[in-house]
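Just model-v9.cif here, mmCIF, C-alpha atoms:
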```cif
data_my_file
#
loop_
_atom_site.group_PDB
_atom_site.id
_atom_site.type_symbol
_atom_site.label_atom_id
_atom_site.label_comp_id
_atom_site.auth_asym_id
_atom_site.auth_seq_id
_atom_site.Cartn_x
_atom_site.Cartn_y
_atom_site.Cartn_z
ATOM 1 C CA MET A 22 0.268 38.003 16.618
ATOM 2 C CA ASN A 23 -1.811 34.815 16.580
ATOM 3 C CA GLY A 24 -1.910 34.966 12.790
ATOM 4 C CA ALA A 25 1.853 35.334 12.653
ATOM 5 C CA VAL A 26 2.349 32.373 14.979
ATOM 6 C CA LEU A 27 -0.046 30.260 12.921
ATOM 7 C CA PHE A 28 1.744 31.207 9.719
ATOM 8 C CA GLU A 29 5.085 30.358 11.309
ATOM 9 C CA ARG A 30 3.840 26.934 12.369
ATOM 10 C CA LEU A 31 2.369 26.227 8.950
ATOM 11 C CA ASP A 32 5.653 27.236 7.380
ATOM 12 C CA HIS A 33 7.483 24.907 9.770
ATOM 13 C CA TRP A 34 5.299 21.911 8.869
ATOM 14 C CA LYS A 35 5.610 22.792 5.196
ATOM 15 C CA GLN A 36 9.378 22.655 5.564
ATOM 16 C CA VAL A 37 9.147 19.331 7.412
ATOM 17 C CA LEU A 38 7.033 17.907 4.593
ATOM 18 C CA LEU A 39 9.457 19.150 1.956
ATOM 19 C CA ASP A 40 12.387 17.648 3.885
ATOM 20 C CA GLN A 41 10.614 14.279 4.014
ATOM 21 C CA LEU A 42 9.907 14.394 0.296
ATOM 22 C CA ARG A 43 13.583 15.179 -0.411
ATOM 23 C CA PHE A 44 14.555 12.231 1.772
ATOM 24 C CA LEU A 45 12.171 9.881 -0.030
ATOM 25 C CA ARG A 46 13.317 11.076 -3.453
ATOM 26 C CA ARG A 47 16.730 9.603 -2.700
ATOM 27 C CA ASP A 48 15.079 6.163 -2.646
ATOM 28 C CA ARG A 49 13.390 5.640 -6.009
ATOM 29 C CA LEU A 50 11.191 2.775 -4.870
ATOM 30 C CA ALA A 51 10.040 4.685 -1.789
ATOM 31 C CA PHE A 52 9.285 7.786 -3.862
ATOM 32 C CA LEU A 53 7.281 5.649 -6.291
ATOM 33 C CA GLY A 54 5.431 4.369 -3.249
ATOM 34 C CA VAL A 55 4.636 7.946 -2.208
ATOM 35 C CA ILE A 56 3.168 8.664 -5.639
ATOM 36 C CA ILE A 57 0.997 5.521 -5.504
ATOM 37 C CA VAL A 58 -0.160 6.295 -1.955
ATOM 38 C CA ALA A 59 -1.047 9.864 -2.987
ATOM 39 C CA GLY A 60 -3.066 8.485 -5.892
ATOM 40 C CA PHE A 61 -4.770 6.027 -3.562
ATOM 41 C CA LEU A 62 -5.725 8.860 -1.190
ATOM 42 C CA LEU A 63 -7.280 10.769 -4.076
ATOM 43 C CA LEU A 64 -9.183 7.643 -5.145
ATOM 44 C CA GLY A 65 -10.426 7.109 -1.617
ATOM 45 C CA LEU A 66 -11.630 10.698 -1.320
ATOM 46 C CA PHE A 67 -13.073 11.261 -4.781
ATOM 47 C CA GLY A 68 -13.460 7.768 -6.273
ATOM 48 C CA PRO A 69 -17.207 7.387 -5.626
ATOM 49 C CA MET A 70 -17.821 10.806 -7.165
ATOM 50 C CA LEU A 71 -15.743 9.917 -10.230
ATOM 51 C CA ALA A 72 -17.548 6.594 -10.780
ATOM 52 C CA PRO A 73 -19.556 6.884 -14.009
ATOM 53 C CA HIS A 74 -22.364 4.662 -12.667
ATOM 54 C CA ASP A 75 -23.772 3.404 -9.406
ATOM 55 C CA PRO A 76 -21.574 0.383 -8.600
ATOM 56 C CA ILE A 77 -24.461 -1.685 -7.204
ATOM 57 C CA GLU A 78 -27.744 -0.492 -8.706
ATOM 58 C CA HIS A 79 -26.855 0.380 -12.313
ATOM 59 C CA ASP A 80 -26.982 -2.303 -15.022
ATOM 60 C CA MET A 81 -24.878 -1.893 -18.156
ATOM 61 C CA LEU A 82 -27.000 -2.573 -21.249
ATOM 62 C CA ASN A 83 -26.228 -3.688 -24.781
ATOM 63 C CA ALA A 84 -27.649 -1.911 -27.829
ATOM 64 C CA ASP A 85 -30.599 -4.342 -27.882
ATOM 65 C CA GLY A 86 -31.453 -3.577 -24.257
ATOM 66 C CA SER A 87 -30.099 -6.826 -22.790
ATOM 67 C CA ILE A 88 -27.803 -6.763 -19.768
ATOM 68 C CA MET A 89 -24.118 -6.577 -20.704
ATOM 69 C CA ARG A 90 -22.775 -9.575 -18.781
ATOM 70 C CA LEU A 91 -19.070 -10.433 -18.641
ATOM 71 C CA ALA A 92 -18.197 -7.960 -21.367
ATOM 72 C CA SER A 93 -14.495 -7.307 -21.838
ATOM 73 C CA PRO A 94 -13.287 -3.679 -21.768
ATOM 74 C CA ASN A 95 -15.045 -1.590 -24.396
ATOM 75 C CA ALA A 96 -16.079 1.990 -25.153
ATOM 76 C CA ASP A 97 -19.128 1.837 -22.863
ATOM 77 C CA ALA A 98 -17.409 -0.008 -20.014
ATOM 78 C CA LEU A 99 -13.715 0.845 -19.971
ATOM 79 C CA PHE A 100 -12.902 -1.888 -17.421
ATOM 80 C CA GLY A 101 -15.531 -4.320 -18.698
ATOM 81 C CA THR A 102 -18.543 -5.630 -16.789
ATOM 82 C CA THR A 103 -19.229 -8.253 -14.159
ATOM 83 C CA ALA A 104 -21.332 -11.415 -14.498
ATOM 84 C CA PHE A 105 -24.197 -9.351 -13.096
ATOM 85 C CA GLY A 106 -23.862 -6.566 -15.654
ATOM 86 C CA LYS A 107 -22.222 -4.055 -13.306
ATOM 87 C CA ASP A 108 -19.522 -1.632 -14.404
ATOM 88 C CA VAL A 109 -16.127 -2.798 -13.092
ATOM 89 C CA LEU A 110 -14.622 0.716 -13.323
ATOM 90 C CA SER A 111 -17.393 2.139 -11.125
ATOM 91 C CA GLN A 112 -16.926 -0.641 -8.582
ATOM 92 C CA PHE A 113 -13.163 -0.132 -8.564
ATOM 93 C CA LEU A 114 -13.458 3.629 -7.997
ATOM 94 C CA ALA A 115 -16.142 3.273 -5.325
ATOM 95 C CA GLY A 116 -14.280 0.413 -3.643
ATOM 96 C CA ALA A 117 -11.253 2.572 -2.903
ATOM 97 C CA ARG A 118 -13.043 4.499 -0.140
ATOM 98 C CA PRO A 119 -13.743 1.641 2.321
ATOM 99 C CA THR A 120 -10.250 0.352 1.648
ATOM 100 C CA LEU A 121 -8.869 3.805 2.526
ATOM 101 C CA ILE A 122 -11.041 4.119 5.651
ATOM 102 C CA VAL A 123 -9.985 0.768 7.083
ATOM 103 C CA GLY A 124 -6.352 1.224 6.049
ATOM 104 C CA LEU A 125 -6.021 4.730 7.460
ATOM 105 C CA PHE A 126 -7.954 4.376 10.711
ATOM 106 C CA GLY A 127 -6.983 0.756 11.254
ATOM 107 C CA GLY A 128 -3.325 1.670 10.792
ATOM 108 C CA LEU A 129 -3.605 4.704 13.084
ATOM 109 C CA GLY A 130 -5.396 2.651 15.710
ATOM 110 C CA THR A 131 -2.787 -0.078 15.500
ATOM 111 C CA GLY A 132 0.069 2.407 15.817
ATOM 112 C CA ILE A 133 -1.450 4.506 18.612
ATOM 113 C CA ILE A 134 -2.534 1.587 20.795
ATOM 114 C CA GLY A 135 0.752 -0.236 20.294
ATOM 115 C CA PHE A 136 2.786 2.908 20.966
ATOM 116 C CA LEU A 137 0.958 3.754 24.208
ATOM 117 C CA VAL A 138 1.051 0.178 25.513
ATOM 118 C CA GLY A 139 4.757 -0.136 24.717
ATOM 119 C CA LEU A 140 5.562 3.293 26.201
ATOM 120 C CA VAL A 141 3.762 2.709 29.503
ATOM 121 C CA SER A 142 4.951 -0.891 29.806
ATOM 122 C CA GLY A 143 8.588 -0.095 29.141
ATOM 123 C CA TYR A 144 8.683 3.043 31.282
ATOM 124 C CA TYR A 145 7.063 1.716 34.461
ATOM 125 C CA GLY A 146 8.283 -1.868 34.351
ATOM 126 C CA GLY A 147 7.330 -4.049 37.317
ATOM 127 C CA TRP A 148 3.750 -5.232 37.629
ATOM 128 C CA VAL A 149 2.558 -2.726 35.010
ATOM 129 C CA ASP A 150 4.933 -4.220 32.467
ATOM 130 C CA GLU A 151 3.926 -7.724 33.512
ATOM 131 C CA VAL A 152 0.196 -7.077 33.059
ATOM 132 C CA LEU A 153 0.527 -5.262 29.729
ATOM 133 C CA MET A 154 2.944 -7.792 28.267
ATOM 134 C CA ARG A 155 0.743 -10.714 29.310
ATOM 135 C CA MET A 156 -2.109 -8.981 27.492
ATOM 136 C CA THR A 157 0.170 -8.646 24.491
ATOM 137 C CA ASP A 158 1.122 -12.317 24.703
ATOM 138 C CA LEU A 159 -2.573 -13.216 24.810
ATOM 139 C CA THR A 160 -3.145 -11.211 21.641
ATOM 140 C CA PHE A 161 -0.239 -13.014 19.979
ATOM 141 C CA SER A 162 -1.763 -16.357 20.938
ATOM 142 C CA LEU A 163 -5.115 -15.538 19.321
ATOM 143 C CA PRO A 164 -4.977 -15.932 15.518
ATOM 144 C CA PHE A 165 -6.428 -12.826 13.913
ATOM 145 C CA MET A 166 -8.474 -14.283 11.074
ATOM 146 C CA PRO A 167 -10.373 -17.025 12.996
ATOM 147 C CA MET A 168 -11.109 -14.637 15.876
ATOM 148 C CA ALA A 169 -12.265 -11.861 13.537
ATOM 149 C CA LEU A 170 -14.537 -14.283 11.681
ATOM 150 C CA LEU A 171 -15.930 -15.515 14.985
ATOM 151 C CA LEU A 172 -16.735 -11.993 16.164
ATOM 152 C CA LEU A 173 -18.271 -10.952 12.848
ATOM 153 C CA THR A 174 -20.463 -14.068 12.782
ATOM 154 C CA PHE A 175 -22.630 -12.718 15.597
ATOM 155 C CA VAL A 176 -22.979 -9.121 14.380
ATOM 156 C CA THR A 177 -23.662 -7.372 11.102
ATOM 157 C CA PRO A 178 -20.279 -6.339 9.715
ATOM 158 C CA SER A 179 -19.717 -2.621 9.196
ATOM 159 C CA ILE A 180 -16.689 -0.748 7.975
ATOM 160 C CA TRP A 181 -16.088 0.839 11.397
ATOM 161 C CA LEU A 182 -16.559 -2.398 13.331
ATOM 162 C CA ILE A 183 -14.052 -4.102 11.043
ATOM 163 C CA THR A 184 -11.629 -1.225 11.639
ATOM 164 C CA VAL A 185 -11.963 -1.608 15.420
ATOM 165 C CA ILE A 186 -11.422 -5.380 15.246
ATOM 166 C CA ILE A 187 -8.325 -4.968 13.091
ATOM 167 C CA ALA A 188 -6.800 -2.348 15.402
ATOM 168 C CA GLY A 189 -7.745 -4.466 18.425
ATOM 169 C CA PHE A 190 -5.681 -7.406 17.165
ATOM 170 C CA LEU A 191 -2.780 -5.845 15.277
ATOM 171 C CA TRP A 192 -1.371 -3.496 17.961
ATOM 172 C CA LYS A 193 0.688 -6.304 19.477
ATOM 173 C CA MET A 194 3.742 -5.983 17.215
ATOM 174 C CA PRO A 195 4.322 -2.222 17.641
ATOM 175 C CA ALA A 196 3.757 -2.616 21.395
ATOM 176 C CA ARG A 197 6.596 -5.146 21.651
ATOM 177 C CA VAL A 198 8.998 -3.098 19.535
ATOM 178 C CA VAL A 199 8.249 0.231 21.248
ATOM 179 C CA ARG A 200 8.648 -1.372 24.685
ATOM 180 C CA SER A 201 12.107 -2.656 23.824
ATOM 181 C CA GLU A 202 13.135 0.833 22.690
ATOM 182 C CA VAL A 203 11.710 2.458 25.818
ATOM 183 C CA LEU A 204 13.662 0.061 28.039
ATOM 184 C CA SER A 205 16.834 1.460 26.472
ATOM 185 C CA VAL A 206 15.840 5.131 26.404
ATOM 186 C CA ARG A 207 14.642 5.290 30.023
ATOM 187 C CA GLU A 208 18.179 4.505 31.239
ATOM 188 C CA ARG A 209 19.744 7.468 29.445
ATOM 189 C CA THR A 210 21.139 10.440 31.327
ATOM 190 C CA PHE A 211 18.596 13.030 30.172
ATOM 191 C CA VAL A 212 15.719 10.857 31.423
ATOM 192 C CA LYS A 213 17.415 10.308 34.794
ATOM 193 C CA SER A 214 18.028 14.065 35.027
ATOM 194 C CA ALA A 215 14.374 14.823 34.347
ATOM 195 C CA GLN A 216 13.297 12.387 37.049
ATOM 196 C CA ALA A 217 15.829 13.795 39.517
ATOM 197 C CA SER A 218 14.595 17.338 38.886
ATOM 198 C CA GLY A 219 11.107 16.337 40.034
ATOM 199 C CA ALA A 220 9.371 15.899 36.669
ATOM 200 C CA SER A 221 6.271 13.722 36.910
ATOM 201 C CA ASP A 222 6.166 10.299 35.272
ATOM 202 C CA LEU A 223 3.622 11.546 32.737
ATOM 203 C CA ARG A 224 5.773 14.549 31.813
ATOM 204 C CA THR A 225 8.907 12.409 31.584
ATOM 205 C CA MET A 226 7.171 9.854 29.365
ATOM 206 C CA LEU A 227 5.594 12.372 27.010
ATOM 207 C CA LEU A 228 8.384 14.960 26.771
ATOM 208 C CA HIS A 229 11.560 12.958 27.199
ATOM 209 C CA VAL A 230 11.002 9.260 26.462
ATOM 210 C CA GLY A 231 8.140 9.411 23.955
ATOM 211 C CA PRO A 232 9.779 11.694 21.344
ATOM 212 C CA ASN A 233 12.842 9.430 21.233
ATOM 213 C CA VAL A 234 10.801 6.346 20.329
ATOM 214 C CA LEU A 235 8.282 8.190 18.141
ATOM 215 C CA PRO A 236 10.048 7.270 14.862
ATOM 216 C CA ILE A 237 9.485 3.581 15.642
ATOM 217 C CA GLY A 238 5.851 4.380 16.348
ATOM 218 C CA PHE A 239 5.472 6.151 13.010
ATOM 219 C CA LEU A 240 7.153 3.269 11.208
ATOM 220 C CA TYR A 241 4.808 0.636 12.631
ATOM 221 C CA THR A 242 1.808 2.877 12.050
ATOM 222 C CA ALA A 243 2.742 2.873 8.368
ATOM 223 C CA TYR A 244 3.069 -0.895 8.433
ATOM 224 C CA GLY A 245 -0.263 -1.028 10.266
ATOM 225 C CA VAL A 246 -1.932 0.676 7.296
ATOM 226 C CA ALA A 247 -0.731 -2.085 4.986
ATOM 227 C CA TRP A 248 -1.724 -4.805 7.463
ATOM 228 C CA ALA A 249 -5.195 -3.273 7.872
ATOM 229 C CA ILE A 250 -5.796 -3.063 4.113
ATOM 230 C CA ALA A 251 -4.758 -6.678 3.617
ATOM 231 C CA ALA A 252 -6.894 -7.811 6.563
ATOM 232 C CA GLN A 253 -9.969 -5.914 5.331
ATOM 233 C CA ALA A 254 -9.603 -7.362 1.837
ATOM 234 C CA SER A 255 -9.258 -10.875 3.285
ATOM 235 C CA LEU A 256 -12.376 -10.499 5.439
ATOM 236 C CA ALA A 257 -14.378 -9.114 2.512
ATOM 237 C CA PHE A 258 -13.188 -11.950 0.270
ATOM 238 C CA LEU A 259 -14.438 -14.442 2.866
ATOM 239 C CA GLY A 260 -17.838 -12.739 2.907
ATOM 240 C CA PHE A 261 -17.442 -10.770 6.145
ATOM 241 C CA GLY A 262 -17.101 -7.291 4.707
ATOM 242 C CA ASP A 263 -19.567 -4.438 5.019
ATOM 243 C CA PRO A 264 -22.554 -5.618 2.913
ATOM 244 C CA THR A 265 -23.644 -2.040 2.210
ATOM 245 C CA MET A 266 -20.406 -0.955 0.552
ATOM 246 C CA THR A 267 -18.421 -1.997 -2.488
ATOM 247 C CA SER A 268 -14.802 -2.785 -1.694
ATOM 248 C CA TRP A 269 -11.910 -4.323 -3.571
ATOM 249 C CA GLY A 270 -12.063 -7.443 -1.415
ATOM 250 C CA ARG A 271 -15.780 -7.802 -2.093
ATOM 251 C CA MET A 272 -15.142 -7.486 -5.841
ATOM 252 C CA LEU A 273 -12.741 -10.418 -5.655
ATOM 253 C CA ARG A 274 -15.275 -12.442 -3.692
ATOM 254 C CA GLN A 275 -17.967 -11.797 -6.291
ATOM 255 C CA VAL A 276 -15.795 -12.854 -9.211
ATOM 256 C CA PHE A 277 -14.743 -15.971 -7.289
ATOM 257 C CA GLU A 278 -18.321 -16.902 -6.423
ATOM 258 C CA SER A 279 -19.418 -16.403 -10.016
ATOM 259 C CA GLY A 280 -16.882 -19.007 -11.152
ATOM 260 C CA ASN A 281 -15.211 -16.595 -13.570
ATOM 261 C CA MET A 282 -11.930 -16.028 -11.734
ATOM 262 C CA ARG A 283 -9.925 -17.527 -14.621
ATOM 263 C CA ILE A 284 -12.032 -16.016 -17.364
ATOM 264 C CA ALA A 285 -12.919 -12.423 -16.481
ATOM 265 C CA TRP A 286 -9.385 -11.057 -16.033
ATOM 266 C CA TRP A 287 -10.729 -7.509 -16.368
ATOM 267 C CA TRP A 288 -12.828 -8.133 -13.249
ATOM 268 C CA VAL A 289 -9.959 -9.624 -11.250
ATOM 269 C CA PHE A 290 -6.998 -7.381 -12.087
ATOM 270 C CA PRO A 291 -8.232 -3.923 -10.948
ATOM 271 C CA PRO A 292 -8.986 -4.814 -7.297
ATOM 272 C CA ALA A 293 -6.105 -7.285 -7.040
ATOM 273 C CA LEU A 294 -3.564 -4.828 -8.443
ATOM 274 C CA GLY A 295 -5.021 -2.023 -6.319
ATOM 275 C CA ILE A 296 -4.565 -3.992 -3.095
ATOM 276 C CA ALA A 297 -1.100 -5.181 -4.095
ATOM 277 C CA ALA A 298 0.035 -1.698 -5.168
ATOM 278 C CA ILE A 299 -1.023 0.139 -2.026
ATOM 279 C CA THR A 300 0.268 -2.456 0.451
ATOM 280 C CA THR A 301 3.593 -2.760 -1.379
ATOM 281 C CA SER A 302 3.941 1.032 -1.577
ATOM 282 C CA VAL A 303 3.417 1.457 2.162
ATOM 283 C CA PHE A 304 6.025 -1.209 2.888
ATOM 284 C CA LEU A 305 8.510 0.461 0.530
ATOM 285 C CA ILE A 306 8.065 3.785 2.320
ATOM 286 C CA GLY A 307 8.371 2.101 5.688
ATOM 287 C CA ARG A 308 11.496 0.278 4.540
ATOM 288 C CA ALA A 309 13.153 3.560 3.595
ATOM 289 C CA TYR A 310 12.565 4.939 7.091
ATOM 290 C CA GLU A 311 13.475 1.668 8.775
ATOM 291 C CA GLU A 312 16.933 1.808 7.240
ATOM 292 C CA VAL A 313 17.419 5.171 8.960
ATOM 293 C CA ILE A 314 15.862 4.164 12.278
ATOM 294 C CA ASN A 315 17.651 0.813 12.425
ATOM 295 C CA PRO A 316 21.236 1.143 11.115
ATOM 296 C CA GLU A 317 21.749 -2.635 11.384
ATOM 297 C CA ILE A 318 19.643 -3.203 8.237
ATOM 298 C CA GLN A 319 20.998 -0.361 6.140
ATOM 299 C CA THR A 320 21.642 -1.492 2.628
ATOM 300 C CA GLU A 321 25.051 -1.108 1.110
ATOM 301 C CA GLN A 322 25.331 1.827 -1.263
#
```
Encoded form (structure tokens):
Amino acid sequence: MNGAVLFERLDHWKQVLLDQLRFLRRDRLAFLGVIIVAGFLLLGLFGPMLAPHDPIEHDMLNADGSIMRLASPNADALFGTTAFGKDVLSQFLAGARPTLIVGLFGGLGTGIIGFLVGLVSGYYGGWVDEVLMRMTDLTFSLPFMPMALLLLTFVTPSIWLITVIIAGFLWKMPARVVRSEVLSVRERTFVKSAQASGASDLRTMLLHVGPNVLPIGFLYTAYGVAWAIAAQASLAFLGFGDPTMTSWGRMLRQVFESGNMRIAWWWVFPPALGIAAITTSVFLIGRAYEEVINPEIQTEQ
């Protein structure tokens, strides 16, 4: 019986996934975004294993044994080499994982915190709403980049600490949007009926109000992924990334510091295009869903 129930649930989620894919296929740009995101996930999971060399320790050598510095793409180094003789392809593949970690968990953290704050604030109103919204206003008043740099100045940056800082600053936007939706939903008849029947506040929030604002939460979680990736790359470019890991932002910092930004295009393009592709893809997917969630911005067919 348990096996049958499990199979039924798996079949249900499989159908949900297929329905979402059919929906996204109707929007060519969004479907292209799905393909790029899927490729990015594979890079994040398997990139370090696919890297032909150690991105930090291994030196690429010429036939005479000298270090292959600033070599353009060739048979030995398909993406060329850095000014330090490192393989750009290996760094690009290995750098996808920290970008994925921060993007995924930073985006989830942003969406979850913002959703819960907006849900509780909008549902209870009163002093609860006042306290939570003043906290949100305080977060809006603190510029992310200077505050993140200040915090990371006093500690050794790590990929997980950076993720926490990003989620701790970027939840403000989804919180505001979810709250405004909850203020509308809580006045609907089915919510009033649940309250009149004796349902607890927690049950009413989770079973009646929450599901009706969940699409907005999912949308801003997707946007949070893009925001987190861009923020992580910016911090790494400024020298506040995890020093133990290769990332796309760190690659851009290294080429900038070496003074070869305008020369070694093969060193610049892979991480820059990777960051641009994944953030743009997430926004394209989010845009497709936003047009369904918010009819006011639907494009004309």
May I have a table of the residues of region 268-307 of chain A lying at most 10 Å from region 87-92 of chain A, giving each one's closest pair of atoms and their distance in Å to one decimal, counting all atoms listed in the file, ordered by chain and ascending residue number, as a tab-separated table?
```
residue	atom	partner	partner_atom	distance
A:Asn281	CA	A:Leu91	CA	8.9
A:Ile284	CA	A:Leu91	CA	9.1
A:Ala285	CA	A:Leu91	CA	6.8
A:Trp287	CA	A:Ala92	CA	9.0
A:Trp288	CA	A:Leu91	CA	8.6
```
Could you tell me, as a list of chain:residue names, exactly which residues end up selected when the PyMOL selection byres ((chain A and resi 301-309) around 7) is applied to this structure? A:Leu50, A:Ala51, A:Gly54, A:Val55, A:Ile57, A:Val58, A:Leu240, A:Ala243, A:Tyr244, A:Ala247, A:Ala297, A:Ala298, A:Ile299, A:Thr300, A:Tyr310, A:Glu311, A:Glu312
List the residues matched by the PyMOL selection byres ((chain A and resi 207) around 12) in the displayed structure as JSON, numbers by chain, ordered by chain and then by residue number. {"A": [140, 141, 142, 143, 144, 145, 146, 199, 200, 201, 202, 203, 204, 205, 206, 208, 209, 210, 211, 212, 213, 214, 215, 216, 222, 225, 226, 227, 228, 229, 230, 231, 232, 233, 234]}
Would you compute an axis-aligned box for region 285-299 of chain A, covering every atom listed for it in the file with 6 Å of margin on each side, and report centre and edge lengths in Å to one decimal as JSON?
```
{"center_x": -6.4, "center_y": -6.1, "center_z": -9.3, "size_x": 25.0, "size_y": 24.6, "size_z": 26.5}
```
Spatial neighbours of region 157-171 of chain A, max dist 9 Å, all atoms listed in the file, sep filter under 3 positions, as a short mmCIF file (atom, residue, chain, number, x, y, z; two decimals) with C-alpha atoms, keeping the file's coordinate frame:
```
data_model
loop_
_atom_site.label_atom_id
_atom_site.label_comp_id
_atom_site.auth_asym_id
_atom_site.auth_seq_id
_atom_site.Cartn_x
_atom_site.Cartn_y
_atom_site.Cartn_z
CA VAL A 138 1.05 0.18 25.51
CA VAL A 152 0.20 -7.08 33.06
CA LEU A 153 0.53 -5.26 29.73
CA MET A 154 2.94 -7.79 28.27
CA THR A 174 -20.46 -14.07 12.78
CA PHE A 175 -22.63 -12.72 15.60
CA ILE A 183 -14.05 -4.10 11.04
CA ILE A 186 -11.42 -5.38 15.25
CA ILE A 187 -8.32 -4.97 13.09
CA GLY A 189 -7.74 -4.47 18.42
CA PHE A 190 -5.68 -7.41 17.16
CA LEU A 191 -2.78 -5.84 15.28
CA TRP A 192 -1.37 -3.50 17.96
CA LYS A 193 0.69 -6.30 19.48
CA MET A 194 3.74 -5.98 17.22
CA ALA A 196 3.76 -2.62 21.40
CA ARG A 197 6.60 -5.15 21.65
CA ALA A 252 -6.89 -7.81 6.56
CA SER A 255 -9.26 -10.88 3.28
CA LEU A 256 -12.38 -10.50 5.44
CA LEU A 259 -14.44 -14.44 2.87
CA PHE A 261 -17.44 -10.77 6.14
#
```
Using the chain letters and numbers from the file, which residues does the PyMOL selection byres ((chain A and resi 116) around 6) grab, as a PyMOL selection string? chain A and resi 112-115+117-118+267-269
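Reported to one decimal place, the separation of CA of Gly128 (chain A) from CA of Asp75 (chain A) is 28.8 Å.
Going from CA of Leu121 (chain A) over to CA of Pro195 (chain A), you cover 20.9 Å.
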Best match for closeness to Ala257 (chain A) among A:Ala293, A:Ala98, A:Met272, A:Leu172, counting only C-alpha atoms: A:Met272
I'd like the neighbourhood of Gly280 (chain A) as an MDAnalysis selection string, where a residue qualifies if any of its atoms comes within 12 Å (using all atoms listed in the file), though same-chain residues fewer than 5 positions away should be ignored. chainID A and resid 91 103:104 273:275 285:286 288:289
Selected residues, C-alpha atoms, written as a compact mmCIF listing (two decimals), in the frame of the given file, please.
```txt
# COMPACT_ATOMS: atom_id res chain seq x y z
CA LEU A 91 -19.07 -10.43 -18.64
CA THR A 103 -19.23 -8.25 -14.16
CA ALA A 104 -21.33 -11.42 -14.50
CA LEU A 273 -12.74 -10.42 -5.66
CA ARG A 274 -15.28 -12.44 -3.69
CA GLN A 275 -17.97 -11.80 -6.29
CA ALA A 285 -12.92 -12.42 -16.48
CA TRP A 286 -9.38 -11.06 -16.03
CA TRP A 288 -12.83 -8.13 -13.25
CA VAL A 289 -9.96 -9.62 -11.25
```
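The space separating CA of Pro291 (chain A) from CA of Ser179 (chain A) comes to 23.2 Å.
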Between A:Pro94, A:Pro76, A:Gly130, A:Gly60, smallest distance to Thr242 (chain A) by all atoms listed in the file belongs to A:Gly130
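Counting only C-alpha atoms, the residue from A:Ile77, A:Leu64, A:Ala96, A:Ala217 that sits nearest to Arg271 (chain A) is A:Ile77.
Nearest to Gly260 (chain A) of all the residues A:Val185, A:Val198, A:Leu66, A:Leu173 is A:Leu173, counting all atoms listed in the file.
When only C-alpha atoms are used to compute distances to Pro73 (chain A), the closest of the residues A:Ile122, A:Leu110, A:Leu129, A:Val276 turns out to be A:Leu110.
Closest approach to Pro69 (chain A) among A:Val246, A:Met266, A:Leu294, A:Gly127 is made by A:Met266 (distances from only C-alpha atoms).
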